[in-house]
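Novice: Encoded as C-alpha cells, here's the structure I'll be asking about.
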Amino acid sequence: MVDVVIPISVSGIWRPFISDNPTRSGSIGITVILEPYSFARVTEGEGVYLNGNPVKMKNLEYLEAKMGKVRVNMESKVPLGFGYGMSASVSLAYALGASQIRGIDLEQAALLAHESEVISGNGLGDVVSQFFGRNIVYRERPGFPPYGVIRIFEISSDDIYSKPLEALPTKSILQPLDVSFTLINEFLSNPSIDKFFEVSRKFTEALGFTSPFPNSFRKKGLILKLGKPESDSWIRHRIASRGAYVE
Ligand SMILES: Nc1ncnc2c1ncn2[C@@H]1O[C@H](COP(=O)(O)OP(=O)(O)O)[C@@H](O)[C@H]1O
Ligand SMILES: CC(C)(COP(=O)(O)O)[C@@H](O)C(=O)O
C-alpha cells in the first residue's frame, strides 16, 4: 500500500511545444502550484476512482500498459476536466504509486505520467510542474528534464480562490500565441503574485477567455481569483510549498 500526495497546478500562461518525442514535448509558461493537495492510496488491484467515481481516460490506459494495473483511490477538492491539472494529478498518483509497488524509479514513473499526458492530449506542463515544482513555476524549456528546464519563484499566498465553471477539453486552449513570450518577460521583470494574475489575465483574454471578477482570470473551465470574493461559493487555496511526494 502506498500513499501519494499531489498538488493542484493552474497555468496562467502557456505555449505548447509538441514534437514526435513525448519526453521532449510540453509547454513553456508560468504555473501556480496550489493546495489543497489531493491524496491517493495505491494498492494491488485495478480501477482508478476519484472521489468515489470511476475515472476512464487514455492516460491510464498508457500507464496500465507500461506499469501494469494497480488500484487508485484518490480524494480531491477540485474536479477533473476543469483546468486544475487533475488529469496530470491522477496520472502522477497512478505512476508514483505503481512505481513503489513494482520497484520502478520515482523519476522514471513521473516521466511515464508526463508521456501519458502528452500522448492523450490532456496536458503538457502539469506533470513537470506538480512533480518538480512548487510555489510559482516558470517552465523555460519544454518537456521532461533534462530537456525541460524549470525555475521556481518562492512566492507565497493564502489568499487565492477558485470557482469551477465547466469541464472543457484541453485542445480548446492549445493555440500557440506569440504574446505568451512578451507576457512571460513581463512577469520575469517583476515576479510577484499580483504580476502573475495580471499577465495571466492578459494571456487568457488573448485566448478568448474572460472573467467578470476583479483580480482574476479564466483558465479553461475555472476562474482563479486573488483576494476574497464577495460570495462564499469559492474554493480557497494556498500556494503549495512542496510538489508531489510519496508518504
Ligand atoms: N467525469 C469526468 N469529467 C471530466 N473529464 C473526465 C471525466 N471522466 C473522465 N474524464 C477524462 O479525463 C480527462 C480530463 O483531462 P483534462 O481536461 O486535461 O483535465 P484537467 O483540466 O483536470 O487536467 C479527459 O481525457 C476526459 O475525457
Ligand atoms: C494549460 C495546459 C496545456 C493544460 O492544463 P489543464 O487544462 O489543466 O489540463 C497545461 O498542461 C500547461 O502546459 O500549462
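FYI, nothing fancy with the C-alpha cells labels: chains A, B, ... in order, residues from 1 per chain, ligands from 1 as they appear.
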Write as a list in words the residues around ligand 2, taking 7 Å as the cut-off and counting only C-alpha atoms and all ligand atoms.

Specialist: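 Listed by chain and ascending number, the contacts are Ser9, Val10, Ser11, Ile13, Trp14, Pro16, Gly26, Ser27, Ile28, Gly29, Thr31, Gly81, Phe82, Gly83, Tyr84, Gly85, Met86, Ser87, Asn122, Gly123, Leu124, Gly125, Asp126, Thr170, Ile173, Leu174 and Lys220 of chain A.
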
Novice: Running DSSP on the backbone, which parts of segment 38-163 of chain A land in strand (DSSP E or B), as a ChimeraX atom specification?

Specialist: /A:38-43,47-50,53-54,71-75,136-141,149-153,160-163

Novice: Pick from A:Lys195, A:Lys228, A:His114, A:His237: nearest to Pro22 of chain A, with only C-alpha atoms counted?

Specialist: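 Among the listed residues, A:His114 lies closest to Pro22 of chain A.
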
Novice: Would you pick out the contacts of Glu115 of chain A at 8 Å or less, using only C-alpha atoms, so that residues sharing its chain but fewer than 4 positions from it are not included, and give the list as a list in words?

Specialist: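 Residues meeting the cut-off are Pro22, Thr23, Leu111 and Ile119 of chain A.
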
Novice: Can you pull out every residue within 7 Å of Leu50 of chain A, counting only C-alpha atoms, but drop anything in the same chain fewer than 4 positions away, and send it as a PyMOL selection string?

Specialist: chain A and resi 54-55+73-75

Novice: Can you tell me which residues surround Ala65 of chain A at a distance of at most 12 Å, considering only C-alpha atoms, apart from same-chain residues fewer than 3 positions away, and format the answer as a JSON list (two decimals) with N, CA and C atoms, in the first residue's frame?

Specialist:
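Output file selection32.json is given in full below:
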[["chain", "number", "residue", "atom", "x", "y", "z"],
["A", 58, "LYS", "N", -7.43, 8.11, -21.43],
["A", 58, "LYS", "CA", -6.35, 7.49, -22.21],
["A", 58, "LYS", "C", -5.05, 7.41, -21.41],
["A", 59, "ASN", "N", -4.79, 8.45, -20.58],
["A", 59, "ASN", "CA", -3.57, 8.45, -19.75],
["A", 59, "ASN", "C", -3.43, 7.12, -19.02],
["A", 60, "LEU", "N", -4.54, 6.66, -18.46],
["A", 60, "LEU", "CA", -4.49, 5.48, -17.59],
["A", 60, "LEU", "C", -4.26, 4.20, -18.40],
["A", 61, "GLU", "N", -4.79, 4.18, -19.63],
["A", 61, "GLU", "CA", -4.52, 3.01, -20.50],
["A", 61, "GLU", "C", -3.02, 2.91, -20.77],
["A", 62, "TYR", "N", -2.39, 4.09, -21.02],
["A", 62, "TYR", "CA", -0.94, 4.13, -21.28],
["A", 62, "TYR", "C", -0.17, 3.63, -20.05],
["A", 68, "GLY", "N", 1.70, -1.97, -15.56],
["A", 68, "GLY", "CA", 0.80, -2.97, -15.01],
["A", 68, "GLY", "C", -0.33, -2.28, -14.25],
["A", 69, "LYS", "N", -1.39, -3.07, -13.99],
["A", 69, "LYS", "CA", -2.57, -2.47, -13.34],
["A", 69, "LYS", "C", -2.37, -2.33, -11.83],
["A", 70, "VAL", "N", -2.81, -1.21, -11.28],
["A", 70, "VAL", "CA", -2.92, -1.05, -9.83],
["A", 70, "VAL", "C", -4.26, -0.38, -9.53],
["A", 95, "ALA", "N", 1.20, 6.64, -11.39],
["A", 95, "ALA", "CA", 2.58, 6.28, -11.74],
["A", 95, "ALA", "C", 3.47, 6.21, -10.49],
["A", 98, "ALA", "N", 2.35, 3.14, -8.40],
["A", 98, "ALA", "CA", 2.73, 1.88, -9.06],
["A", 98, "ALA", "C", 4.24, 1.68, -9.01],
["A", 112, "LEU", "N", 6.77, 8.68, -17.17],
["A", 112, "LEU", "CA", 5.67, 7.95, -17.81],
["A", 112, "LEU", "C", 4.36, 8.74, -17.67],
["A", 116, "SER", "N", 2.11, 10.13, -20.69],
["A", 116, "SER", "CA", 0.68, 9.79, -20.79],
["A", 116, "SER", "C", -0.16, 11.04, -21.04]]
